[in-house]
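Next comes my_file_1.pdb, a file with PDB, C-alpha atoms.
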```
ATOM      1  CA  MET A   1     -21.539   3.591 -25.335
ATOM      2  CA  PHE A   2     -20.397   6.945 -23.993
ATOM      3  CA  PRO A   3     -17.817   8.267 -24.319
ATOM      4  CA  GLN A   4     -17.224   6.849 -27.771
ATOM      5  CA  PRO A   5     -13.692   6.211 -29.057
ATOM      6  CA  ILE A   6     -12.085   9.333 -30.483
ATOM      7  CA  GLN A   7     -11.367   7.444 -33.705
ATOM      8  CA  LYS A   8     -15.116   7.318 -34.397
ATOM      9  CA  ALA A   9     -15.615  11.037 -33.838
ATOM     10  CA  GLY A  10     -15.782  13.624 -36.591
ATOM     11  CA  ARG A  11     -12.726  15.250 -38.099
ATOM     12  CA  LEU A  12     -13.298  18.550 -36.269
ATOM     13  CA  THR A  13     -13.676  16.738 -32.939
ATOM     14  CA  GLN A  14     -10.487  14.747 -33.516
ATOM     15  CA  LEU A  15      -8.576  17.897 -34.461
ATOM     16  CA  SER A  16      -9.844  19.714 -31.366
ATOM     17  CA  TYR A  17      -8.943  16.742 -29.184
ATOM     18  CA  ARG A  18      -5.415  16.422 -30.561
ATOM     19  CA  THR A  19      -4.884  20.146 -30.122
ATOM     20  CA  ALA A  20      -6.360  20.477 -26.634
ATOM     21  CA  LEU A  21      -4.726  17.337 -25.186
ATOM     22  CA  PRO A  22      -1.051  18.399 -25.418
ATOM     23  CA  ILE A  23      -1.927  21.937 -24.286
ATOM     24  CA  SER A  24      -3.749  20.541 -21.235
ATOM     25  CA  ILE A  25      -0.840  18.231 -20.405
ATOM     26  CA  ILE A  26       1.665  21.096 -20.607
ATOM     27  CA  LEU A  27      -0.485  23.345 -18.399
ATOM     28  CA  TRP A  28      -0.911  20.512 -15.887
ATOM     29  CA  LEU A  29       2.854  19.880 -15.808
ATOM     30  CA  LEU A  30       3.928  23.543 -15.557
ATOM     31  CA  PRO A  31       3.821  23.726 -11.710
ATOM     32  CA  LEU A  32       5.800  20.478 -11.449
ATOM     33  CA  ILE A  33       8.367  21.757 -13.958
ATOM     34  CA  ALA A  34       8.665  25.028 -12.009
ATOM     35  CA  VAL A  35       9.266  23.150  -8.752
ATOM     36  CA  MET A  36      11.881  20.901 -10.352
ATOM     37  CA  LEU A  37      13.722  23.866 -11.893
ATOM     38  CA  THR A  38      13.606  25.804  -8.635
ATOM     39  CA  SER A  39      15.083  22.870  -6.743
ATOM     40  CA  ILE A  40      18.278  22.999  -8.830
ATOM     41  CA  ARG A  41      18.710  26.789  -8.960
ATOM     42  CA  SER A  42      21.217  28.786  -6.981
ATOM     43  CA  LEU A  43      20.016  31.295  -4.400
ATOM     44  CA  GLU A  44      21.337  34.145  -6.527
ATOM     45  CA  ASP A  45      19.294  32.903  -9.470
ATOM     46  CA  ILE A  46      16.107  32.897  -7.378
ATOM     47  CA  ASN A  47      16.791  36.346  -5.921
ATOM     48  CA  ALA A  48      17.281  37.680  -9.450
ATOM     49  CA  GLY A  49      13.712  36.625 -10.306
ATOM     50  CA  ASN A  50      14.631  33.902 -12.792
ATOM     51  CA  PHE A  51      11.730  31.565 -11.978
ATOM     52  CA  TRP A  52      10.802  30.145 -15.386
ATOM     53  CA  GLY A  53      14.029  30.411 -17.360
ATOM     54  CA  MET A  54      16.754  27.822 -17.400
ATOM     55  CA  PRO A  55      19.019  27.957 -14.337
ATOM     56  CA  THR A  56      22.194  29.926 -14.875
ATOM     57  CA  GLU A  57      23.984  27.448 -12.617
ATOM     58  CA  LEU A  58      22.999  23.873 -11.824
ATOM     59  CA  MET A  59      23.040  23.176  -8.076
ATOM     60  CA  ILE A  60      21.653  19.639  -8.069
ATOM     61  CA  ILE A  61      24.063  17.954  -5.667
ATOM     62  CA  GLU A  62      24.536  21.011  -3.460
ATOM     63  CA  ASN A  63      20.820  21.777  -3.031
ATOM     64  CA  TYR A  64      19.663  18.222  -2.451
ATOM     65  CA  SER A  65      22.512  17.356  -0.109
ATOM     66  CA  GLN A  66      21.684  20.448   1.937
ATOM     67  CA  VAL A  67      18.034  19.401   2.146
ATOM     68  CA  PHE A  68      18.956  16.032   3.631
ATOM     69  CA  THR A  69      21.744  17.302   5.919
ATOM     70  CA  ALA A  70      20.224  20.544   7.217
ATOM     71  CA  THR A  71      16.678  19.228   7.703
ATOM     72  CA  PRO A  72      15.159  15.912   8.854
ATOM     73  CA  MET A  73      13.848  15.262   5.326
ATOM     74  CA  GLY A  74      14.898  11.617   5.448
ATOM     75  CA  GLN A  75      12.732  11.056   8.514
ATOM     76  CA  TYR A  76       9.841  12.850   6.831
ATOM     77  CA  LEU A  77      10.082  10.553   3.805
ATOM     78  CA  LEU A  78      10.279   7.501   6.048
ATOM     79  CA  ASN A  79       7.182   8.700   7.929
ATOM     80  CA  SER A  80       5.328   9.046   4.644
ATOM     81  CA  ILE A  81       6.179   5.466   3.688
ATOM     82  CA  LEU A  82       5.331   4.021   7.109
ATOM     83  CA  ILE A  83       1.931   5.756   7.124
ATOM     84  CA  THR A  84       0.950   5.744   3.450
ATOM     85  CA  LEU A  85       1.497   2.100   2.518
ATOM     86  CA  PRO A  86      -0.399   0.506   5.455
ATOM     87  CA  ALA A  87      -3.188   3.097   5.139
ATOM     88  CA  VAL A  88      -3.654   2.464   1.413
ATOM     89  CA  PHE A  89      -3.504  -1.328   1.773
ATOM     90  CA  GLY A  90      -5.978  -1.218   4.658
ATOM     91  CA  ALA A  91      -8.416   1.075   2.859
ATOM     92  CA  VAL A  92      -8.263  -0.985  -0.350
ATOM     93  CA  ALA A  93      -8.743  -4.294   1.510
ATOM     94  CA  LEU A  94     -11.770  -3.064   3.476
ATOM     95  CA  SER A  95     -13.327  -1.297   0.499
ATOM     96  CA  THR A  96     -12.922  -4.376  -1.703
ATOM     97  CA  LEU A  97     -14.795  -6.543   0.818
ATOM     98  CA  ALA A  98     -17.497  -3.933   1.447
ATOM     99  CA  GLY A  99     -17.827  -3.040  -2.238
ATOM    100  CA  TYR A 100     -18.213  -6.676  -3.217
ATOM    101  CA  ALA A 101     -20.905  -7.257  -0.577
ATOM    102  CA  LEU A 102     -22.835  -4.151  -1.648
ATOM    103  CA  ALA A 103     -22.559  -5.001  -5.339
ATOM    104  CA  LYS A 104     -23.305  -8.739  -5.368
ATOM    105  CA  TYR A 105     -25.351  -9.546  -2.263
ATOM    106  CA  LYS A 106     -28.968  -8.452  -1.995
ATOM    107  CA  PHE A 107     -30.042  -7.755   1.568
ATOM    108  CA  ARG A 108     -32.305  -5.372   3.394
ATOM    109  CA  ALA A 109     -30.941  -1.824   3.755
ATOM    110  CA  ASN A 110     -28.352  -2.445   1.019
ATOM    111  CA  VAL A 111     -29.202   0.864  -0.657
ATOM    112  CA  TRP A 112     -29.242   2.770   2.632
ATOM    113  CA  LEU A 113     -25.885   1.345   3.637
ATOM    114  CA  PHE A 114     -24.436   2.285   0.270
ATOM    115  CA  ALA A 115     -25.904   5.781   0.662
ATOM    116  CA  SER A 116     -24.153   6.114   4.017
ATOM    117  CA  PHE A 117     -20.817   5.421   2.327
ATOM    118  CA  ILE A 118     -21.571   8.103  -0.246
ATOM    119  CA  ALA A 119     -22.665  10.581   2.442
ATOM    120  CA  GLY A 120     -19.459   9.952   4.348
ATOM    121  CA  ASN A 121     -17.470  11.374   1.440
ATOM    122  CA  PHE A 122     -19.016  14.791   2.058
ATOM    123  CA  VAL A 123     -17.983  15.004   5.719
ATOM    124  CA  PRO A 124     -15.128  17.548   6.066
ATOM    125  CA  PHE A 125     -12.211  15.953   7.846
ATOM    126  CA  GLN A 126     -11.876  19.071  10.019
ATOM    127  CA  ILE A 127     -15.069  18.047  11.815
ATOM    128  CA  LEU A 128     -13.433  14.763  12.782
ATOM    129  CA  MET A 129     -10.262  16.227  14.264
ATOM    130  CA  ILE A 130     -11.414  16.611  17.886
ATOM    131  CA  PRO A 131     -13.390  13.305  18.087
ATOM    132  CA  VAL A 132     -10.493  11.422  16.480
ATOM    133  CA  ARG A 133      -8.036  13.023  18.905
ATOM    134  CA  ASP A 134     -10.205  11.956  21.851
ATOM    135  CA  LEU A 135     -10.446   8.407  20.474
ATOM    136  CA  THR A 136      -6.700   8.070  19.983
ATOM    137  CA  ILE A 137      -6.098   9.277  23.538
ATOM    138  CA  ALA A 138      -8.700   6.827  24.860
ATOM    139  CA  PHE A 139      -7.057   3.914  23.009
ATOM    140  CA  GLY A 140      -3.556   4.987  24.012
ATOM    141  CA  ILE A 141      -2.249   5.491  20.479
ATOM    142  CA  TYR A 142      -2.100   9.276  20.451
ATOM    143  CA  ASP A 143       0.975  10.675  18.644
ATOM    144  CA  THR A 144       1.822   7.320  17.047
ATOM    145  CA  TYR A 145       1.919   5.950  13.513
ATOM    146  CA  TRP A 146      -1.096   3.766  14.228
ATOM    147  CA  ALA A 147      -3.270   6.763  15.036
ATOM    148  CA  LEU A 148      -2.635   8.268  11.598
ATOM    149  CA  ILE A 149      -2.956   4.926   9.814
ATOM    150  CA  PHE A 150      -6.317   4.083  11.396
ATOM    151  CA  PHE A 151      -7.637   7.585  10.713
ATOM    152  CA  HIS A 152      -6.714   7.508   7.031
ATOM    153  CA  VAL A 153      -8.082   3.987   6.575
ATOM    154  CA  ALA A 154     -11.408   5.005   8.096
ATOM    155  CA  PHE A 155     -11.563   8.329   6.276
ATOM    156  CA  GLN A 156     -10.817   6.846   2.844
ATOM    157  CA  ALA A 157     -12.949   3.714   3.238
ATOM    158  CA  GLY A 158     -16.106   5.523   2.114
ATOM    159  CA  PHE A 159     -14.724   6.753  -1.193
ATOM    160  CA  CYS A 160     -12.835   3.536  -1.908
ATOM    161  CA  THR A 161     -15.973   1.481  -1.219
ATOM    162  CA  LEU A 162     -17.947   3.670  -3.615
ATOM    163  CA  PHE A 163     -15.225   3.184  -6.232
ATOM    164  CA  MET A 164     -15.029  -0.593  -5.783
ATOM    165  CA  ARG A 165     -18.788  -1.121  -5.600
ATOM    166  CA  ASN A 166     -19.310   0.710  -8.893
ATOM    167  CA  PHE A 167     -16.601  -1.390 -10.512
ATOM    168  CA  ILE A 168     -17.700  -4.766  -9.156
ATOM    169  CA  VAL A 169     -21.354  -4.239 -10.022
ATOM    170  CA  GLY A 170     -20.361  -4.345 -13.697
ATOM    171  CA  ILE A 171     -18.725  -7.792 -13.447
ATOM    172  CA  PRO A 172     -21.114 -10.488 -14.730
ATOM    173  CA  ASP A 173     -22.254 -12.934 -12.039
ATOM    174  CA  ALA A 174     -21.681 -15.840 -14.423
ATOM    175  CA  LEU A 175     -17.991 -14.967 -14.719
ATOM    176  CA  ILE A 176     -17.527 -14.948 -10.951
ATOM    177  CA  GLU A 177     -19.522 -18.128 -10.375
ATOM    178  CA  ALA A 178     -17.636 -19.996 -13.116
ATOM    179  CA  ALA A 179     -14.336 -19.224 -11.417
ATOM    180  CA  SER A 180     -15.480 -20.037  -7.890
ATOM    181  CA  ARG A 181     -16.893 -23.555  -8.191
ATOM    182  CA  GLY A 182     -15.585 -26.003  -5.615
ATOM    183  CA  ARG A 183     -13.896 -23.450  -3.396
ATOM    184  CA  GLN A 184     -14.538 -22.414   0.171
ATOM    185  CA  ARG A 185     -16.073 -18.983   0.736
ATOM    186  CA  ILE A 186     -12.879 -17.204   1.903
ATOM    187  CA  GLN A 187     -10.709 -18.976  -0.639
ATOM    188  CA  ASP A 188     -13.349 -18.219  -3.250
ATOM    189  CA  PHE A 189     -13.123 -14.500  -2.630
ATOM    190  CA  LEU A 190      -9.356 -14.249  -2.256
ATOM    191  CA  VAL A 191      -8.442 -16.406  -5.259
ATOM    192  CA  CYS A 192     -11.245 -15.897  -7.758
ATOM    193  CA  ARG A 193     -13.355 -12.892  -6.978
ATOM    194  CA  ALA A 194     -10.506 -10.641  -5.952
ATOM    195  CA  ALA A 195      -8.723 -11.697  -9.155
ATOM    196  CA  ALA A 196     -11.771 -10.660 -11.179
ATOM    197  CA  CYS A 197     -11.681  -7.292  -9.402
ATOM    198  CA  GLN A 198      -7.957  -6.713  -9.820
ATOM    199  CA  ALA A 199      -8.440  -3.818 -12.247
ATOM    200  CA  GLY A 200     -10.698  -2.044  -9.778
ATOM    201  CA  ILE A 201      -8.354  -2.843  -6.899
ATOM    202  CA  GLY A 202      -5.435  -1.430  -8.848
ATOM    203  CA  GLY A 203      -7.387   1.728  -9.670
ATOM    204  CA  THR A 204      -8.449   2.180  -6.054
ATOM    205  CA  PHE A 205      -4.871   1.647  -4.884
ATOM    206  CA  ARG A 206      -3.577   4.312  -7.281
ATOM    207  CA  VAL A 207      -6.285   6.782  -6.247
ATOM    208  CA  GLY A 208      -5.575   6.183  -2.555
ATOM    209  CA  LEU A 209      -1.820   6.450  -3.040
ATOM    210  CA  HIS A 210      -2.236   9.727  -4.912
ATOM    211  CA  PHE A 211      -4.447  11.099  -2.138
ATOM    212  CA  TYR A 212      -1.971  10.304   0.633
ATOM    213  CA  LEU A 213       1.082  11.571  -1.248
ATOM    214  CA  GLU A 214      -0.437  14.913  -2.195
TER
END
```

Represent the structure contained in this file as structure tokens.
Amino acid sequence: MFPQPIQKAGRLTQLSYRTALPISIILWLLPLIAVMLTSIRSLEDINAGNFWGMPTELMIIENYSQVFTATPMGQYLLNSILITLPAVFGAVALSTLAGYALAKYKFRANVWLFASFIAGNFVPFQILMIPVRDLTIAFGIYDTYWALIFFHVAFQAGFCTLFMRNFIVGIPDALIEAASRGRQRIQDFLVCRAAACQAGIGGTFRVGLHFYLE
């Protein structure tokens, strides 16, 4: 199976891995550390060019209180919550249903439908701006939370379906059938099959949440 566990690799590979991993983590965290340090610096410290050193004066309470009193940052955070959570839940719910159907049910045009989901991931969202604006105006939801929620659900459904389909296709049919005996179709999916897919659902939820909060 690839990739194989690092414990089974050669000594040189293990040494390279253990050396490269912490270096990569530090490099990945450097921008976040810089932002956090900058947020607690004084204006004089920033003007002096002290970007990477330790702050000469900690301005945690002063800086953050000014952000929330001088700007509508609280409203911005609330907007993020009101848009992100429904959009992620909606995208994950739709992609779980579509991914399960594409992975476990054999029907005509299954492959072509799956290919359309993949192709949708390559559509730049800038192309959709004017058509989506016209649709929101036509439905009377322009400049509302629902307009943004519906757009993000639709835009992320393709990738999330690809993610869920590839996960569900690896679940043995016998495992799903053993858990679903004696249940109705909807109850079967919600109780048993969704439970078998919970790892994939959790992964899709984290990916979607990361995308919206970037």

Residues in the PyMOL selection byres ((chain A and resi 90) around 12), expressed as a PDB file with C-alpha atoms, keeping the file's coordinate frame:
```pdb
ATOM      1  CA  ILE A  83       1.931   5.756   7.124  1.00  0.00           C
ATOM      2  CA  THR A  84       0.950   5.744   3.450  1.00  0.00           C
ATOM      3  CA  LEU A  85       1.497   2.100   2.518  1.00  0.00           C
ATOM      4  CA  PRO A  86      -0.399   0.506   5.455  1.00  0.00           C
ATOM      5  CA  ALA A  87      -3.188   3.097   5.139  1.00  0.00           C
ATOM      6  CA  VAL A  88      -3.654   2.464   1.413  1.00  0.00           C
ATOM      7  CA  PHE A  89      -3.504  -1.328   1.773  1.00  0.00           C
ATOM      8  CA  ALA A  91      -8.416   1.075   2.859  1.00  0.00           C
ATOM      9  CA  VAL A  92      -8.263  -0.985  -0.350  1.00  0.00           C
ATOM     10  CA  ALA A  93      -8.743  -4.294   1.510  1.00  0.00           C
ATOM     11  CA  LEU A  94     -11.770  -3.064   3.476  1.00  0.00           C
ATOM     12  CA  SER A  95     -13.327  -1.297   0.499  1.00  0.00           C
ATOM     13  CA  THR A  96     -12.922  -4.376  -1.703  1.00  0.00           C
ATOM     14  CA  LEU A  97     -14.795  -6.543   0.818  1.00  0.00           C
ATOM     15  CA  TRP A 146      -1.096   3.766  14.228  1.00  0.00           C
ATOM     16  CA  ILE A 149      -2.956   4.926   9.814  1.00  0.00           C
ATOM     17  CA  PHE A 150      -6.317   4.083  11.396  1.00  0.00           C
ATOM     18  CA  PHE A 151      -7.637   7.585  10.713  1.00  0.00           C
ATOM     19  CA  HIS A 152      -6.714   7.508   7.031  1.00  0.00           C
ATOM     20  CA  VAL A 153      -8.082   3.987   6.575  1.00  0.00           C
ATOM     21  CA  ALA A 154     -11.408   5.005   8.096  1.00  0.00           C
ATOM     22  CA  PHE A 155     -11.563   8.329   6.276  1.00  0.00           C
ATOM     23  CA  GLN A 156     -10.817   6.846   2.844  1.00  0.00           C
ATOM     24  CA  ALA A 157     -12.949   3.714   3.238  1.00  0.00           C
ATOM     25  CA  CYS A 160     -12.835   3.536  -1.908  1.00  0.00           C
ATOM     26  CA  THR A 161     -15.973   1.481  -1.219  1.00  0.00           C
ATOM     27  CA  ILE A 201      -8.354  -2.843  -6.899  1.00  0.00           C
ATOM     28  CA  THR A 204      -8.449   2.180  -6.054  1.00  0.00           C
ATOM     29  CA  PHE A 205      -4.871   1.647  -4.884  1.00  0.00           C
ATOM     30  CA  GLY A 208      -5.575   6.183  -2.555  1.00  0.00           C
ATOM     31  CA  LEU A 209      -1.820   6.450  -3.040  1.00  0.00           C
TER      32      LEU A 209
END
```

Please report the interatomic distance between atom CA of Tyr145 of chain A and atom CA of Leu77 of chain A in Å with one decimal.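 Between atom CA of Tyr145 of chain A and atom CA of Leu77 of chain A the gap works out to 13.5 Å.
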
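A straight line drawn from atom CA of Tyr100 of chain A to atom CA of Asn166 of chain A is 9.4 Å long.
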
Report, in Å with one decimal, the straight-line distance from atom CA of Leu43 of chain A to atom CA of Glu62 of chain A.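 If I compute the distance from atom CA of Leu43 of chain A to atom CA of Glu62 of chain A, I get 11.3 Å.
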
So, with all atoms listed in the file as the atoms that count, which of A:Leu12, A:Ala98, A:Ile26, A:Val132 lies closest to Ala147 of chain A?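 Of A:Leu12, A:Ala98, A:Ile26, A:Val132, the one nearest Ala147 of chain A is A:Val132, counting all atoms listed in the file.
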
Calculated over only C-alpha atoms, which of the candidates A:Ile137, A:Met129, A:Leu102, A:Val123 has the smallest distance to Leu162 of chain A?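 Ranked by minimum distance to Leu162 of chain A, first place goes to A:Leu102.
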
Can you list, as an MDAnalysis selection string, the residues that the PyMOL selection byres ((chain A and resi 54) around 12) selects here? chainID A and resid 33:34 36:42 45:46 49:53 55:58
